[in-house]
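Participant: This one is final09.txt, compact mmCIF, N, CA and C atoms.
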```txt
# COMPACT_ATOMS: atom_id res chain seq x y z
N MET A 1 150.32 53.37 35.36
CA MET A 1 149.79 52.20 36.02
C MET A 1 149.55 52.53 37.49
N SER A 2 148.72 51.74 38.06
CA SER A 2 148.37 51.94 39.46
C SER A 2 149.52 51.56 40.38
N LYS A 3 149.61 52.23 41.50
CA LYS A 3 150.65 51.92 42.47
C LYS A 3 150.34 50.64 43.24
N ASP A 4 149.16 50.08 43.03
CA ASP A 4 148.77 48.84 43.71
C ASP A 4 149.48 47.62 43.13
N TYR A 5 150.07 47.77 41.95
CA TYR A 5 150.72 46.66 41.28
C TYR A 5 152.23 46.73 41.49
N THR A 6 152.84 45.57 41.63
CA THR A 6 154.30 45.52 41.72
C THR A 6 154.87 45.84 40.34
N PRO A 7 156.14 46.20 40.27
CA PRO A 7 156.75 46.46 38.95
C PRO A 7 156.62 45.25 38.01
N TYR A 8 156.75 44.06 38.56
CA TYR A 8 156.60 42.84 37.74
C TYR A 8 155.18 42.76 37.17
N GLN A 9 154.18 42.98 38.01
CA GLN A 9 152.79 42.93 37.56
C GLN A 9 152.52 44.00 36.51
N GLN A 10 153.09 45.18 36.70
CA GLN A 10 152.92 46.25 35.73
C GLN A 10 153.51 45.86 34.38
N ARG A 11 154.67 45.21 34.40
CA ARG A 11 155.31 44.76 33.16
C ARG A 11 154.47 43.69 32.46
N VAL A 12 153.90 42.76 33.24
CA VAL A 12 153.04 41.71 32.67
C VAL A 12 151.81 42.33 32.01
N ILE A 13 151.20 43.27 32.68
CA ILE A 13 150.01 43.94 32.14
C ILE A 13 150.36 44.71 30.87
N ARG A 14 151.47 45.43 30.91
CA ARG A 14 151.90 46.20 29.74
C ARG A 14 152.19 45.28 28.55
N ASN A 15 152.87 44.16 28.81
CA ASN A 15 153.17 43.20 27.74
C ASN A 15 151.89 42.61 27.15
N TYR A 16 150.92 42.34 28.01
CA TYR A 16 149.64 41.81 27.52
C TYR A 16 149.01 42.78 26.53
N TYR A 17 148.93 44.03 26.90
CA TYR A 17 148.30 45.02 26.02
C TYR A 17 149.14 45.29 24.78
N ASP A 18 150.45 45.17 24.89
CA ASP A 18 151.31 45.34 23.72
C ASP A 18 151.12 44.21 22.72
N ASN A 19 150.77 43.03 23.20
CA ASN A 19 150.65 41.85 22.34
C ASN A 19 149.21 41.44 22.07
N ARG A 20 148.26 42.31 22.39
CA ARG A 20 146.85 41.97 22.22
C ARG A 20 146.49 41.58 20.79
N GLN A 21 147.01 42.30 19.82
CA GLN A 21 146.68 41.99 18.43
C GLN A 21 147.25 40.63 18.02
N ALA A 22 148.44 40.32 18.47
CA ALA A 22 149.03 39.02 18.15
C ALA A 22 148.21 37.89 18.76
N VAL A 23 147.74 38.10 19.97
CA VAL A 23 146.91 37.09 20.65
C VAL A 23 145.58 36.92 19.90
N ALA A 24 144.97 38.03 19.51
CA ALA A 24 143.70 37.98 18.77
C ALA A 24 143.89 37.28 17.43
N LEU A 25 145.00 37.55 16.77
CA LEU A 25 145.28 36.91 15.48
C LEU A 25 145.46 35.41 15.65
N GLN A 26 146.19 35.00 16.67
CA GLN A 26 146.40 33.58 16.93
C GLN A 26 145.08 32.87 17.23
N ARG A 27 144.26 33.48 18.09
CA ARG A 27 142.98 32.86 18.45
C ARG A 27 142.05 32.81 17.25
N ALA A 28 142.05 33.86 16.42
CA ALA A 28 141.21 33.86 15.23
C ALA A 28 141.64 32.74 14.28
N SER A 29 142.92 32.52 14.16
CA SER A 29 143.43 31.43 13.31
C SER A 29 142.95 30.07 13.83
N GLU A 30 142.98 29.91 15.14
CA GLU A 30 142.50 28.66 15.73
C GLU A 30 141.01 28.47 15.47
N LEU A 31 140.26 29.55 15.53
CA LEU A 31 138.81 29.45 15.30
C LEU A 31 138.49 29.13 13.84
N VAL A 32 139.32 29.58 12.92
CA VAL A 32 139.12 29.22 11.51
C VAL A 32 139.23 27.70 11.35
N THR A 33 140.20 27.13 12.02
CA THR A 33 140.35 25.66 11.98
C THR A 33 139.11 24.99 12.55
N GLU A 34 138.62 25.52 13.65
CA GLU A 34 137.40 24.97 14.26
C GLU A 34 136.20 25.10 13.32
N LEU A 35 136.14 26.19 12.56
CA LEU A 35 135.03 26.37 11.62
C LEU A 35 135.02 25.28 10.56
N TYR A 36 136.20 24.92 10.08
CA TYR A 36 136.29 23.86 9.07
C TYR A 36 135.73 22.55 9.60
N LEU A 37 135.87 22.33 10.90
CA LEU A 37 135.51 21.03 11.49
C LEU A 37 134.13 20.97 12.12
N SER A 38 133.47 22.11 12.28
CA SER A 38 132.22 22.12 13.02
C SER A 38 131.01 22.31 12.12
N GLU A 39 129.85 22.00 12.70
CA GLU A 39 128.57 22.14 12.00
C GLU A 39 127.52 22.65 12.99
N GLY A 40 126.42 23.16 12.45
CA GLY A 40 125.27 23.52 13.26
C GLY A 40 125.52 24.63 14.26
N LYS A 41 124.99 24.42 15.47
CA LYS A 41 125.08 25.45 16.52
C LYS A 41 126.53 25.73 16.92
N ARG A 42 127.33 24.70 16.95
CA ARG A 42 128.73 24.87 17.32
C ARG A 42 129.43 25.79 16.32
N ARG A 43 129.12 25.65 15.05
CA ARG A 43 129.71 26.48 14.01
C ARG A 43 129.28 27.94 14.21
N GLN A 44 128.01 28.16 14.54
CA GLN A 44 127.52 29.51 14.80
C GLN A 44 128.25 30.14 15.98
N GLN A 45 128.51 29.34 16.99
CA GLN A 45 129.24 29.83 18.16
C GLN A 45 130.65 30.25 17.77
N HIS A 46 131.30 29.44 16.95
CA HIS A 46 132.65 29.78 16.50
C HIS A 46 132.65 31.08 15.70
N TRP A 47 131.64 31.26 14.86
CA TRP A 47 131.55 32.51 14.09
C TRP A 47 131.40 33.71 15.02
N LYS A 48 130.60 33.54 16.05
CA LYS A 48 130.39 34.63 17.01
C LYS A 48 131.70 35.01 17.70
N HIS A 49 132.44 34.01 18.16
CA HIS A 49 133.72 34.26 18.82
C HIS A 49 134.73 34.85 17.83
N LEU A 50 134.73 34.34 16.63
CA LEU A 50 135.64 34.83 15.60
C LEU A 50 135.36 36.31 15.30
N ALA A 51 134.10 36.68 15.27
CA ALA A 51 133.73 38.07 15.00
C ALA A 51 134.32 39.00 16.06
N SER A 52 134.30 38.59 17.31
CA SER A 52 134.86 39.45 18.36
C SER A 52 136.37 39.60 18.21
N HIS A 53 137.05 38.54 17.80
CA HIS A 53 138.50 38.63 17.60
C HIS A 53 138.83 39.47 16.37
N LEU A 54 138.01 39.37 15.34
CA LEU A 54 138.24 40.20 14.16
C LEU A 54 138.03 41.68 14.48
N GLU A 55 137.05 41.97 15.31
CA GLU A 55 136.84 43.36 15.75
C GLU A 55 138.07 43.87 16.49
N ALA A 56 138.66 43.03 17.33
CA ALA A 56 139.85 43.42 18.08
C ALA A 56 141.03 43.69 17.14
N LEU A 57 141.00 43.06 15.98
CA LEU A 57 142.07 43.26 14.99
C LEU A 57 141.80 44.47 14.09
N GLY A 58 140.65 45.11 14.28
CA GLY A 58 140.35 46.32 13.51
C GLY A 58 139.61 46.08 12.21
N VAL A 59 139.04 44.90 12.04
CA VAL A 59 138.26 44.62 10.83
C VAL A 59 136.91 45.32 10.97
N LYS A 60 136.46 45.95 9.90
CA LYS A 60 135.21 46.70 9.92
C LYS A 60 134.01 45.76 10.11
N PRO A 61 133.01 46.22 10.86
CA PRO A 61 131.82 45.38 11.11
C PRO A 61 131.12 44.92 9.83
N ALA A 62 131.09 45.76 8.81
CA ALA A 62 130.46 45.37 7.55
C ALA A 62 131.20 44.20 6.91
N GLN A 63 132.53 44.22 6.99
CA GLN A 63 133.32 43.12 6.43
C GLN A 63 133.12 41.84 7.22
N ILE A 64 133.02 41.97 8.54
CA ILE A 64 132.77 40.80 9.39
C ILE A 64 131.41 40.20 9.06
N ALA A 65 130.40 41.06 8.90
CA ALA A 65 129.05 40.59 8.56
C ALA A 65 129.06 39.87 7.22
N HIS A 66 129.81 40.41 6.26
CA HIS A 66 129.91 39.79 4.94
C HIS A 66 130.55 38.40 5.04
N LEU A 67 131.62 38.30 5.83
CA LEU A 67 132.29 37.01 5.99
C LEU A 67 131.37 35.98 6.65
N MET A 68 130.61 36.43 7.64
CA MET A 68 129.68 35.52 8.31
C MET A 68 128.56 35.08 7.38
N GLU A 69 128.11 36.00 6.54
CA GLU A 69 127.05 35.69 5.59
C GLU A 69 127.54 34.67 4.56
N GLN A 70 128.77 34.82 4.11
CA GLN A 70 129.34 33.89 3.14
C GLN A 70 129.56 32.51 3.75
N ASP A 71 129.87 32.47 5.05
CA ASP A 71 130.10 31.22 5.78
C ASP A 71 131.18 30.35 5.12
N LYS A 72 132.27 31.02 4.73
CA LYS A 72 133.40 30.32 4.11
C LYS A 72 134.67 30.60 4.91
N PRO A 73 135.14 29.62 5.67
CA PRO A 73 136.34 29.82 6.48
C PRO A 73 137.57 30.20 5.66
N GLU A 74 137.62 29.76 4.40
CA GLU A 74 138.80 30.07 3.57
C GLU A 74 138.93 31.58 3.32
N LEU A 75 137.81 32.30 3.27
CA LEU A 75 137.86 33.75 3.12
C LEU A 75 138.47 34.41 4.36
N VAL A 76 138.11 33.89 5.52
CA VAL A 76 138.66 34.42 6.76
C VAL A 76 140.15 34.10 6.84
N ALA A 77 140.52 32.91 6.40
CA ALA A 77 141.93 32.52 6.42
C ALA A 77 142.76 33.47 5.56
N LYS A 78 142.25 33.85 4.39
CA LYS A 78 142.97 34.80 3.53
C LYS A 78 143.10 36.16 4.21
N LEU A 79 142.02 36.60 4.84
CA LEU A 79 142.05 37.88 5.55
C LEU A 79 143.08 37.85 6.68
N LEU A 80 143.11 36.76 7.42
CA LEU A 80 144.05 36.64 8.53
C LEU A 80 145.49 36.62 8.03
N LYS A 81 145.71 36.01 6.89
CA LYS A 81 147.05 36.00 6.31
C LYS A 81 147.48 37.43 5.97
N GLN A 82 146.56 38.22 5.40
CA GLN A 82 146.86 39.63 5.09
C GLN A 82 147.13 40.41 6.38
N LEU A 83 146.33 40.19 7.39
CA LEU A 83 146.50 40.90 8.66
C LEU A 83 147.84 40.53 9.31
N ALA A 84 148.23 39.27 9.20
CA ALA A 84 149.50 38.82 9.78
C ALA A 84 150.66 39.53 9.10
N ARG A 85 150.57 39.70 7.79
CA ARG A 85 151.63 40.40 7.06
C ARG A 85 151.71 41.86 7.50
N SER A 86 150.57 42.48 7.68
CA SER A 86 150.56 43.90 8.04
C SER A 86 151.01 44.12 9.50
N LEU A 87 150.76 43.14 10.38
CA LEU A 87 151.17 43.27 11.78
C LEU A 87 152.62 42.88 11.98
N GLY A 88 153.10 41.96 11.16
CA GLY A 88 154.43 41.41 11.37
C GLY A 88 155.48 42.16 10.71
```
Any chance you could give the structure as structure tokens?

Facilitator:
Amino acid sequence: MSKDYTPYQQRVIRNYYDNRQAVALQRASELVTELYLSEGKRRQQHWKHLASHLEALGVKPAQIAHLMEQDKPELVAKLLKQLARSLG
């Protein structure tokens, strides 16, 4: 880490990067809920954001494209449940 950061700041930054996958999983779960409730352009926006979080979790782009094409939040929910088991 850079010497410009205090030890506390370095610890905060390190913890953030250590927990990045957990944060991405949590946010993806929240977006699945939003998908169930949204329609139209808002739904497309949620899919776009969800795709970026799935990428951060290591999901292959082809699988993400397939999930978006299917447009079924329940499929994403199942995938997130599997990812949670593998991370936890």

Participant: Compare A:Leu35, A:Gln21, A:His53, A:Arg14 by their minimum atom-to-atom distance to Ser86 of chain A, counting only C-alpha atoms, and give me the closest one.

Facilitator: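 Looking at the shortest contact to Ser86 of chain A, the residue is A:Gln21.
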
Participant: Which is closest to Ala84 of chain A among A:Gln70, A:Lys48, A:Leu25, A:Gly58, if we use all atoms listed in the file?

Facilitator: A:Leu25

Participant: Can you pull out every residue from chain A that DSSP, working from the backbone, puts in helix (DSSP H, G or I), and format the result as a PyMOL selection string?

Facilitator: chain A and resi 7-18+20-37+40-56+61-70+73-87

Participant: List the spatial neighbours of Glu34 of chain A as a list in words - criterion: any atom at most 9 Å away, only C-alpha atoms, same-chain residues fewer than 5 positions off excluded.

Facilitator: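 Those residues are Ser29, Arg43 and His46 of chain A.
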
Participant: Could you tell me which of A:Lys72, A:Arg27, A:Arg11, A:Lys81 comes closest to His49 of chain A if we count all atoms listed in the file?

Facilitator: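 Distance minimum relative to His49 of chain A lands on A:Arg27.
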